[in-house]
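Data file: target-v4.cif. Format and content: mmCIF, C-alpha atoms.
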```cif
data_protein
loop_
_atom_site.label_atom_id
_atom_site.label_comp_id
_atom_site.auth_asym_id
_atom_site.auth_seq_id
_atom_site.Cartn_x
_atom_site.Cartn_y
_atom_site.Cartn_z
CA MET A 815 0.00 0.00 0.00
CA THR A 816 1.24 3.48 -0.84
CA GLU A 817 -0.20 6.84 -0.06
CA ARG A 818 0.02 10.36 -1.32
CA THR A 819 -0.78 13.63 0.40
CA ILE A 820 -2.97 15.82 -1.79
CA PHE A 821 -1.38 19.22 -1.19
CA PRO A 822 -3.61 21.10 -3.69
CA SER A 823 -6.74 20.13 -1.74
CA ILE A 824 -5.13 21.03 1.59
CA ALA A 825 -3.91 24.39 0.28
CA LEU A 826 -7.29 25.29 -1.24
CA THR A 827 -9.18 24.25 1.89
CA LEU A 828 -6.85 26.31 4.08
CA ALA A 829 -7.33 29.28 1.76
CA LEU A 830 -11.13 29.17 1.38
CA PHE A 831 -12.79 27.56 4.40
CA PRO A 832 -11.37 29.91 7.07
CA LEU A 833 -13.08 32.79 5.22
CA LEU A 834 -16.24 31.64 7.00
CA LEU A 835 -14.49 32.61 10.24
CA TYR A 836 -12.22 35.25 8.74
CA PRO A 837 -9.93 36.03 11.73
CA LEU A 838 -8.51 32.53 11.25
CA THR A 839 -7.09 33.56 7.88
CA ILE A 840 -4.25 35.39 9.64
CA LEU A 841 -2.97 31.92 10.55
CA THR A 842 -4.19 29.78 7.67
CA ALA A 843 -3.18 32.01 4.73
CA PRO A 844 0.59 31.68 5.38
CA ILE A 845 0.18 27.93 5.96
CA SER A 846 -1.72 27.69 2.68
CA ILE A 847 1.11 29.50 0.87
CA GLY A 848 3.51 26.99 2.42
CA MET A 849 1.36 24.12 1.16
CA VAL A 850 1.39 25.66 -2.33
CA PHE A 851 5.21 25.63 -2.35
CA MET A 852 5.36 22.13 -0.88
CA GLY A 853 2.84 20.75 -3.35
CA TRP A 854 4.13 22.40 -6.51
CA SER A 855 6.86 19.86 -7.20
CA ARG A 856 5.04 16.81 -5.83
CA PRO A 857 3.14 14.40 -8.04
CA GLY A 858 -0.28 14.88 -6.42
CA SER A 859 -3.11 12.42 -6.84
CA LEU A 860 -2.39 9.29 -8.82
CA LEU A 861 -5.81 9.61 -10.44
CA ARG A 862 -6.28 13.35 -10.89
CA GLY A 863 -2.69 14.43 -11.47
CA PRO A 864 -0.91 17.41 -9.89
CA GLN A 865 -3.98 19.74 -10.00
CA ARG A 866 -1.84 22.86 -10.26
CA TRP A 867 -4.90 25.01 -10.87
CA LYS A 868 -5.90 24.40 -7.26
CA LEU A 869 -2.44 25.44 -6.10
CA VAL A 870 -2.60 28.59 -8.23
CA LEU A 871 -6.07 29.47 -6.92
CA ALA A 872 -5.00 28.77 -3.32
CA GLY A 873 -1.90 30.92 -3.84
CA ILE A 874 -3.92 33.83 -5.25
CA VAL A 875 -6.56 33.71 -2.49
CA SER A 876 -3.97 33.37 0.28
CA THR A 877 -1.90 36.25 -1.13
CA ILE A 878 -5.02 38.44 -1.18
CA GLU A 879 -5.78 37.45 2.42
CA ILE A 880 -2.22 38.25 3.57
CA ALA A 881 -2.29 41.55 1.67
CA ALA A 882 -5.61 42.43 3.31
CA TRP A 883 -4.20 41.70 6.78
CA LEU A 884 -1.06 43.74 6.08
CA PHE A 885 -3.20 46.62 4.84
CA LEU A 886 -5.40 46.40 7.94
CA LEU A 887 -2.48 46.23 10.35
CA ALA A 888 -0.71 49.11 8.59
CA LYS A 889 -3.85 51.19 8.78
CA VAL A 890 -4.24 50.54 12.52
CA TRP A 891 -0.55 51.19 13.18
CA LEU A 892 -0.46 54.47 11.22
CA ARG A 893 -3.65 55.83 12.78
CA MET Q 843 -15.33 7.82 -16.35
CA SER Q 844 -11.58 7.92 -17.05
CA SER Q 845 -8.94 9.78 -15.08
CA LYS Q 846 -6.02 11.77 -16.46
CA SER Q 847 -3.68 8.88 -15.80
CA GLY Q 848 -5.72 6.40 -17.84
CA TYR Q 849 -7.66 4.74 -15.03
CA THR Q 850 -11.36 3.95 -15.48
CA LYS Q 851 -13.56 4.26 -12.42
CA LEU Q 852 -15.63 1.18 -11.60
CA VAL Q 853 -16.97 1.83 -8.11
CA ARG Q 854 -17.09 4.68 -5.62
CA GLN Q 855 -18.52 4.13 -2.16
CA SER Q 856 -18.67 6.43 0.86
CA VAL Q 857 -17.34 4.98 4.10
CA GLY Q 858 -18.42 7.21 6.95
CA ALA Q 859 -18.85 10.96 6.73
CA ALA Q 860 -15.68 12.03 5.00
CA VAL Q 861 -13.98 8.92 3.67
CA TYR Q 862 -14.65 7.16 0.44
CA ARG Q 863 -13.22 4.10 -1.27
CA SER Q 864 -13.16 3.61 -5.00
CA ILE Q 865 -11.99 0.97 -7.44
CA TRP Q 866 -10.31 1.86 -10.72
CA LYS Q 867 -9.05 -0.33 -13.53
CA LYS Q 868 -6.21 -0.07 -16.00
CA ASP Q 869 -4.89 -2.44 -18.65
CA ASP Q 870 -3.17 -4.86 -16.26
CA HIS Q 871 -4.33 -4.07 -12.73
CA LEU Q 872 -7.06 -2.92 -10.38
CA LEU Q 873 -6.47 0.02 -8.05
CA LEU Q 874 -8.30 0.32 -4.74
CA VAL Q 875 -8.22 3.90 -3.46
CA SER Q 876 -9.14 5.05 0.05
CA SER Q 877 -9.35 8.80 0.41
CA ASN Q 878 -10.47 11.50 2.81
CA GLY Q 879 -9.85 14.22 0.22
CA TYR Q 880 -6.40 15.10 1.60
CA VAL Q 881 -4.60 11.76 1.69
CA GLU Q 882 -5.10 8.97 -0.82
CA ARG Q 883 -4.05 5.38 -0.07
CA TYR Q 884 -3.57 2.98 -2.93
CA GLN Q 885 -3.63 -0.79 -3.20
CA ARG Q 886 -2.78 -2.32 -6.54
CA PHE Q 887 -3.81 -5.79 -7.70
CA GLN Q 888 -2.38 -7.27 -10.88
CA TYR Q 889 -5.03 -9.18 -12.83
CA ALA Q 890 -2.71 -12.16 -13.01
CA ASP Q 891 -2.51 -12.33 -9.18
CA ILE Q 892 -6.26 -12.39 -8.57
CA ARG Q 893 -7.39 -15.87 -7.57
CA THR Q 894 -11.12 -15.29 -7.25
CA PHE Q 895 -13.90 -13.00 -6.12
CA LEU Q 896 -16.32 -14.05 -3.39
CA VAL Q 897 -19.84 -12.64 -3.46
CA LEU Q 898 -21.54 -13.40 -0.13
CA PRO Q 899 -25.07 -12.42 0.87
CA SER Q 900 -25.35 -9.80 3.62
CA GLU Q 901 -28.04 -8.44 5.93
CA ARG Q 902 -27.35 -4.82 4.98
CA ASN Q 903 -30.47 -4.57 2.83
CA ALA Q 904 -32.68 -5.87 5.66
CA TYR Q 905 -31.14 -3.52 8.24
CA TRP Q 906 -31.76 -0.54 5.99
CA ALA Q 907 -35.31 -1.73 5.24
CA TRP Q 908 -36.11 -2.10 8.96
CA SER Q 909 -34.59 1.30 9.77
CA TRP Q 910 -36.43 3.15 7.00
CA THR Q 911 -39.68 1.36 7.85
CA ALA Q 912 -39.44 2.23 11.55
CA LEU Q 913 -38.65 5.88 10.80
CA THR Q 914 -41.48 6.09 8.26
CA LEU Q 915 -43.96 4.58 10.71
CA ILE Q 916 -42.91 6.86 13.58
CA SER Q 917 -43.19 9.93 11.35
CA ALA Q 918 -46.53 8.71 9.97
CA ILE Q 919 -47.86 8.26 13.53
CA PHE Q 920 -46.84 11.82 14.40
CA ALA Q 921 -48.39 13.08 11.14
CA GLY Q 922 -51.58 11.11 11.80
CA SER Q 923 -51.89 12.44 15.34
CA ALA Q 924 -51.39 16.00 14.09
CA ILE Q 925 -54.16 15.52 11.52
CA TRP Q 926 -56.33 13.93 14.22
CA ARG Q 927 -55.92 17.07 16.34
CA GLY Q 928 -56.87 19.20 13.34
CA ASP Q 929 -53.32 20.55 12.82
CA THR Q 930 -51.30 20.52 9.65
CA PRO Q 931 -48.29 18.13 9.94
CA PHE Q 932 -45.69 20.60 8.62
CA VAL Q 933 -42.74 18.71 10.07
CA SER Q 934 -43.73 15.05 10.42
CA ALA Q 935 -45.32 14.63 6.97
CA PRO Q 936 -42.20 15.77 5.01
CA PHE Q 937 -40.06 13.52 7.21
CA ALA Q 938 -42.43 10.59 6.62
CA LEU Q 939 -42.18 11.21 2.87
CA LEU Q 940 -38.37 11.47 3.06
CA PHE Q 941 -38.07 8.18 4.97
CA LEU Q 942 -40.53 6.52 2.57
CA ILE Q 943 -38.33 7.58 -0.36
CA GLY Q 944 -35.36 6.05 1.49
CA LEU Q 945 -37.28 2.80 1.93
CA LEU Q 946 -38.22 2.70 -1.77
CA TRP Q 947 -34.65 3.55 -2.79
CA ASN Q 948 -33.34 0.69 -0.67
CA TYR Q 949 -35.80 -1.62 -2.45
CA VAL Q 950 -34.74 -0.32 -5.88
CA LEU Q 951 -31.05 -0.96 -5.08
CA GLY Q 952 -31.87 -4.63 -4.63
CA PRO Q 953 -30.32 -7.37 -2.48
CA SER Q 954 -27.12 -6.66 -0.60
CA CYS Q 955 -23.86 -8.58 -0.58
CA GLN Q 956 -20.25 -8.52 0.50
CA LEU Q 957 -17.64 -8.68 -2.24
CA TYR Q 958 -14.18 -10.05 -1.47
CA LEU Q 959 -11.11 -10.10 -3.64
CA VAL Q 960 -8.85 -13.09 -3.04
CA THR Q 961 -5.19 -13.20 -4.01
CA ARG Q 962 -2.54 -15.69 -2.97
CA ILE Q 963 -1.58 -13.68 0.12
CA GLN Q 964 -4.71 -11.81 1.17
CA THR Q 965 -8.47 -11.62 1.13
CA LEU Q 966 -9.76 -8.09 0.94
CA ARG Q 967 -13.27 -6.74 1.23
CA LEU Q 968 -14.15 -4.40 -1.62
CA PRO Q 969 -16.46 -1.37 -1.33
CA VAL Q 970 -19.36 -2.99 -3.17
CA HIS Q 971 -22.49 -3.64 -1.11
CA ARG Q 972 -25.21 -4.49 -3.61
CA ARG Q 973 -25.43 -7.67 -5.61
CA ARG Q 974 -26.41 -5.93 -8.84
CA ARG Q 975 -23.43 -3.61 -8.63
CA ALA Q 976 -21.16 -6.53 -7.78
CA GLU Q 977 -22.35 -8.40 -10.88
CA ARG Q 978 -21.77 -5.31 -13.03
CA PHE Q 979 -18.31 -4.89 -11.50
CA LEU Q 980 -17.39 -8.50 -12.26
CA GLU Q 981 -18.66 -8.13 -15.83
CA GLN Q 982 -16.49 -5.04 -16.28
CA ILE Q 983 -13.24 -6.65 -15.21
CA GLY Q 984 -13.94 -10.24 -16.27
CA PRO Q 985 -12.44 -9.94 -19.77
CA GLU Q 986 -9.23 -8.27 -18.50
CA ILE Q 987 -8.68 -10.95 -15.86
CA ALA Q 988 -9.39 -13.75 -18.33
CA ALA Q 989 -6.93 -12.23 -20.81
CA ALA Q 990 -4.25 -11.79 -18.14
CA GLN Q 991 -4.59 -15.34 -16.84
CA THR Q 992 -4.78 -17.16 -20.17
CA VAL Q 993 -1.58 -19.18 -20.61
CA PRO Q 994 -0.66 -19.63 -24.29
CA GLU Q 995 -0.08 -23.27 -25.13
CA ASP Q 996 3.38 -24.17 -26.37
CA PRO Q 997 3.07 -26.90 -29.03
CA ASN Q 998 6.77 -27.88 -28.69
CA GLU Q 999 6.53 -28.58 -24.98
CA SER Q 1000 6.05 -32.22 -24.09
CA SER Q 1001 3.24 -33.10 -21.71
CA THR Q 1002 5.63 -35.33 -19.74
CA ALA Q 1003 8.31 -32.66 -19.28
CA ASP Q 1004 7.31 -31.96 -15.69
CA LEU Q 1005 7.26 -35.59 -14.62
CA PRO Q 1006 10.12 -36.81 -12.42
CA PRO Q 1007 12.65 -39.16 -14.08
CA SER Q 1008 11.81 -42.84 -13.72
CA ILE Q 1009 14.44 -45.10 -12.13
CA SER Q 1010 14.56 -48.71 -13.20
#
```
Please render this file's structure as structure tokens.
Amino acid sequence: MTERTIFPSIALTLALFPLLLYPLTILTAPISIGMVFMGWSRPGSLLRGPQRWKLVLAGIVSTIEIAAWLFLLAKVWLR
Amino acid sequence: MSSKSGYTKLVRQSVGAAVYRSIWKKDDHLLLVSSNGYVERYQRFQYADIRTFLVLPSERNAYWAWSWTALTLISAIFAGSAIWRGDTPFVSAPFALLFLIGLLWNYVLGPSCQLYLVTRIQTLRLPVHRRRRAERFLEQIGPEIAAAQTVPEDPNESSTADLPPSIS
């Protein structure tokens, strides 16, 4: 028996689901970015292939989340 | 349905809330996949290694029938009592209908079974729970297994070649 970790699904879940409870994104967005980098060079699912579109989408959403937090923190700090 | 890597899906069955098992076929092997969406576990079975499949009857169909029947009756009793009181059964009647659909669906799916794959070193239960689906599954992979296990006859080989030498 062999197993594979499906990083694209993990990255996308970490990017999208915490939006329901948005303060969590301050933690999950960087982790999602990390998963994107970890999963980029891995083979992914044996059946569905590397699914890079999920990694790209997760990367874009997580980057927007991080940018939004930086913007918010900068705004509070400069007030 | 075929995947990007050339596998054809034969069966997909949920196991619990967030885990599913599926069986895929390729030219020379079956692939049993267990997945929770984030980790996939694979077991590969070469057609040539498969000894047999066992299809055994199971009580699953009866358990589901009893469960759906009990739930339908309970909901129908609540609905009936609401109507008796002159109320409209807003909650119990839809539930009774839902459970009745479940009961009919269980009947439509037909008799239940357990399907086992037997190789030389293991016997493994496959995620197939209905006899009709099991028969369809066996029809789908039957030709591949037969082709993989057919031994071409060698006309030059003597039928006594494997016999031990005789000592006189």
Using all atoms listed in the file and a distance of at most 6 Å, pull out the residues of chain Q that contact chain A, as a PyMOL selection string. chain Q and resi 845-847+880-885
What does the structure give for the distance between CA of Ala829 (chain A) and CA of Leu886 (chain A), in Å to one decimal? 18.3 Å
At a cut-off of 7 Å from (-6.1, 26.4, 7.2) in the coordinates of the file, what residues are picked up using all atoms listed in the file, written as a ChimeraX atom specification? /A:827-829,832,842-843,845-846
Using all atoms listed in the file, which protein or nucleic acid residues come within 12 Å of Gly984 (chain Q)? Drop anything in the same chain fewer than 4 positions from it, and give the result as a PyMOL selection string. chain Q and resi 867+871-872+889-890+892+894-895+976-980+988-991
Quick one: residues within 10 Å of Glu879 (chain A), all atoms listed in the file, excluding same-chain residues fewer than 5 positions away - as number ranges by chain? A: 829-830, 833, 836, 839-840, 842-844, 873-874, 884-885
Running the PyMOL selection byres ((chain Q and resi 911) around 10) on this model by hand, what would come out? Give it as a ChimeraX atom specification. /Q:905-910,912-917,938,941-942,944-946
Take CA of Leu835 (chain A) and CA of Trp891 (chain A) and report the distance between them in Å, one decimal. 23.4 Å
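Put simply, CA of Gly952 (chain Q) is 11.9 Å away from CA of Glu901 (chain Q).
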When the PyMOL selection byres ((chain Q and resi 971) around 12) is applied to the structure above, which residues does it catch, written out as JSON, numbers by chain? {"Q": [853, 854, 855, 856, 857, 897, 898, 899, 900, 901, 902, 903, 948, 951, 952, 953, 954, 955, 956, 957, 958, 967, 968, 969, 970, 972, 973, 974, 975, 976, 977, 979]}
Could you write out the selected residues, including C-alpha atoms, as an mmCIF file, keeping the file's coordinate frame?
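Written output follows (part-v3.cif):
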```
data_model
loop_
_atom_site.group_PDB
_atom_site.id
_atom_site.type_symbol
_atom_site.label_atom_id
_atom_site.label_comp_id
_atom_site.auth_asym_id
_atom_site.auth_seq_id
_atom_site.Cartn_x
_atom_site.Cartn_y
_atom_site.Cartn_z
ATOM 1 C CA VAL Q 853 -16.970 1.830 -8.110
ATOM 2 C CA ARG Q 854 -17.090 4.680 -5.620
ATOM 3 C CA GLN Q 855 -18.520 4.130 -2.160
ATOM 4 C CA SER Q 856 -18.670 6.430 0.860
ATOM 5 C CA VAL Q 857 -17.340 4.980 4.100
ATOM 6 C CA VAL Q 897 -19.840 -12.640 -3.460
ATOM 7 C CA LEU Q 898 -21.540 -13.400 -0.130
ATOM 8 C CA PRO Q 899 -25.070 -12.420 0.870
ATOM 9 C CA SER Q 900 -25.350 -9.800 3.620
ATOM 10 C CA GLU Q 901 -28.040 -8.440 5.930
ATOM 11 C CA ARG Q 902 -27.350 -4.820 4.980
ATOM 12 C CA ASN Q 903 -30.470 -4.570 2.830
ATOM 13 C CA ASN Q 948 -33.340 0.690 -0.670
ATOM 14 C CA LEU Q 951 -31.050 -0.960 -5.080
ATOM 15 C CA GLY Q 952 -31.870 -4.630 -4.630
ATOM 16 C CA PRO Q 953 -30.320 -7.370 -2.480
ATOM 17 C CA SER Q 954 -27.120 -6.660 -0.600
ATOM 18 C CA CYS Q 955 -23.860 -8.580 -0.580
ATOM 19 C CA GLN Q 956 -20.250 -8.520 0.500
ATOM 20 C CA LEU Q 957 -17.640 -8.680 -2.240
ATOM 21 C CA TYR Q 958 -14.180 -10.050 -1.470
ATOM 22 C CA ARG Q 967 -13.270 -6.740 1.230
ATOM 23 C CA LEU Q 968 -14.150 -4.400 -1.620
ATOM 24 C CA PRO Q 969 -16.460 -1.370 -1.330
ATOM 25 C CA VAL Q 970 -19.360 -2.990 -3.170
ATOM 26 C CA ARG Q 972 -25.210 -4.490 -3.610
ATOM 27 C CA ARG Q 973 -25.430 -7.670 -5.610
ATOM 28 C CA ARG Q 974 -26.410 -5.930 -8.840
ATOM 29 C CA ARG Q 975 -23.430 -3.610 -8.630
ATOM 30 C CA ALA Q 976 -21.160 -6.530 -7.780
ATOM 31 C CA GLU Q 977 -22.350 -8.400 -10.880
ATOM 32 C CA PHE Q 979 -18.310 -4.890 -11.500
#
```
Mind checking which residues fall within 10 Å of Gly922 (chain Q), counting all atoms listed in the file, ignoring those fewer than 6 positions away in the same chain, and posting them as a PyMOL selection string? chain Q and resi 916+928-931+934-935
Would you mind listing what lies within 12 Å of Ile963 (chain Q) as a ChimeraX atom specification, with only C-alpha atoms counted and same-chain residues fewer than 3 positions away left out? /Q:887,891-893,959-960,966
Under the rule that all atoms listed in the file are counted, which of Q:Arg927, Q:Lys868, Q:Arg886, Q:Arg863 is the nearest residue to Tyr849 (chain Q)? Q:Lys868
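Nearest to Lys868 (chain A) of all the residues A:Leu887, A:Ala882, A:Leu834, A:Ile847 is A:Ile847, based on all atoms listed in the file.
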Box dimensions and centre (Å, one decimal) enclosing region 872-888 of chain Q, axis-aligned, 6 Å extra per side, as lines of an AutoDock Vina configuration file:
```
center_x = -6.4
center_y = 3.9
center_z = -4.0
size_x = 20.1
size_y = 34.4
size_z = 25.7
```
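When all atoms listed in the file are used to measure the gap to Ser876 (chain Q), the shortest distance among Q:Ser844, Q:Ser923, Q:Gln964, Q:Ser864 belongs to Q:Ser864.
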